[in-house]
Amino acid sequence: MSAGASAPALVEQLGLFCQRWHRRRASYRPAGEVFDPRYAVELTATGTLNVAPSTAMPRMPRMQRASRGRVEGPTYIFRCAVCGKTINKKKMDGTLNAHKNKQGYPCYGRYGMYVRTKY
Ligand SMILES: [Zn+2]
């Protein structure tokens, strides 16, 4: 039986191979730059922290412009065809919103006749 004789040689070869492999590995990656799993944890921790406030952030206040607040330009005066009430509108649009007639009851008139433009 000569099978057991080659076993120590194999172990020695394996040991040499491991030594060379470790030396090569050490040359590739210096001991000071060993991968630290803490960095991965910190990266994921900051990642989740960055995501959470961004989704909960309120909208940018600059997106809202107060251009619709000021009333400018001419006023178009319409008179309801049903009750004769004059209605001032900012648009040249004769359709009227719900309003009340002179008796205080809701008027069914939904269209106004153009009277004049007030500048
Ligand atoms: Zn009316």
# chains A, B, ... in the order shown; residues from 1 in each chain; ligands from 1
$ closest_atom_pairs --of "chain A" --to "ligand 1" --cutoff "7 Å" --atoms "only C-alpha atoms and all ligand atoms" --output "tab-separated table"
residue	atom	partner	partner_atom_place_in_ligand_line	distance
A:Cys80	CA	ligand 1	1 (Zn)	4.5
A:Ala81	CA	ligand 1	1 (Zn)	6.4
A:Val82	CA	ligand 1	1 (Zn)	4.9
A:Cys83	CA	ligand 1	1 (Zn)	4.1
A:Gly84	CA	ligand 1	1 (Zn)	6.1
A:Lys85	CA	ligand 1	1 (Zn)	5.7
A:His99	CA	ligand 1	1 (Zn)	6.3
A:Lys100	CA	ligand 1	1 (Zn)	6.3
A:Asn101	CA	ligand 1	1 (Zn)	5.4
A:Cys107	CA	ligand 1	1 (Zn)	4.6
A:Tyr108	CA	ligand 1	1 (Zn)	6.3
A:Gly109	CA	ligand 1	1 (Zn)	4.6
A:Arg110	CA	ligand 1	1 (Zn)	7.0
$ write_last_selection --atoms "N, CA and C atoms" --output "CSV table (one decimal), in the first residue's frame"
chain,number,residue,atom,x,y,z
A,80,CYS,N,-78.3,89.4,-15.6
A,80,CYS,CA,-79.0,88.2,-15.7
A,80,CYS,C,-80.3,88.3,-16.6
A,81,ALA,N,-80.5,87.4,-17.5
A,81,ALA,CA,-81.6,87.5,-18.4
A,81,ALA,C,-82.9,87.2,-17.7
A,82,VAL,N,-82.9,86.6,-16.5
A,82,VAL,CA,-84.1,86.2,-15.8
A,82,VAL,C,-84.5,87.3,-14.8
A,83,CYS,N,-83.6,87.6,-13.9
A,83,CYS,CA,-83.9,88.5,-12.8
A,83,CYS,C,-83.4,89.9,-13.0
A,84,GLY,N,-82.5,90.1,-13.9
A,84,GLY,CA,-82.0,91.5,-14.2
A,84,GLY,C,-80.9,91.9,-13.3
A,85,LYS,N,-80.4,91.0,-12.5
A,85,LYS,CA,-79.3,91.4,-11.6
A,85,LYS,C,-78.0,91.5,-12.4
A,99,HIS,N,-77.1,82.4,-8.2
A,99,HIS,CA,-77.2,83.7,-7.5
A,99,HIS,C,-78.7,83.8,-7.1
A,100,LYS,N,-79.0,84.9,-6.4
A,100,LYS,CA,-80.3,85.1,-6.0
A,100,LYS,C,-80.9,86.3,-6.7
A,101,ASN,N,-82.2,86.2,-6.9
A,101,ASN,CA,-82.9,87.4,-7.5
A,101,ASN,C,-83.2,88.5,-6.5
A,107,CYS,N,-82.1,82.2,-8.2
A,107,CYS,CA,-82.5,82.4,-9.6
A,107,CYS,C,-82.0,81.3,-10.5
A,108,TYR,N,-82.9,80.9,-11.4
A,108,TYR,CA,-82.6,79.8,-12.3
A,108,TYR,C,-81.8,80.3,-13.5
A,109,GLY,N,-81.7,81.6,-13.6
A,109,GLY,CA,-80.9,82.1,-14.8
A,109,GLY,C,-79.5,81.8,-14.7
A,110,ARG,N,-79.0,81.2,-15.8
A,110,ARG,CA,-77.6,80.9,-15.8
A,110,ARG,C,-76.8,81.6,-17.0
$ atom_distance --atom1 "CA of Thr75 (chain A)" --atom2 "CA of Tyr105 (chain A)"
25.6 Å
$ residues_around --residues "Phe78 (chain A)" --least-positions-apart "3" --cutoff "6 Å" --atoms "only C-alpha atoms" --output "list of chain:residue names"
A:Thr86, A:Ile87, A:Gly112, A:Met113, A:Tyr114, A:Val115
$ write_last_selection --atoms "C-alpha atoms" --output "PDB file, in the first residue's frame"
ATOM      1  CA  THR A  86     -75.997  92.825 -12.724  1.00  0.00           C
ATOM      2  CA  ILE A  87     -73.002  90.610 -12.170  1.00  0.00           C
ATOM      3  CA  GLY A 112     -76.117  86.958 -18.487  1.00  0.00           C
ATOM      4  CA  MET A 113     -76.439  89.578 -21.179  1.00  0.00           C
ATOM      5  CA  TYR A 114     -73.358  91.668 -21.671  1.00  0.00           C
ATOM      6  CA  VAL A 115     -73.915  95.249 -20.536  1.00  0.00           C
TER       7      VAL A 115
END
$ residues_around --residues "Lys118 (chain A)" --least-positions-apart "6" --cutoff "9 Å" --atoms "only C-alpha atoms" --output "list of chain:residue names"
A:Pro74, A:Thr75, A:Tyr76, A:Ile77, A:Asn88
$ atom_distance --atom1 "CA of Glu72 (chain A)" --atom2 "CA of Lys102 (chain A)"
28.6 Å
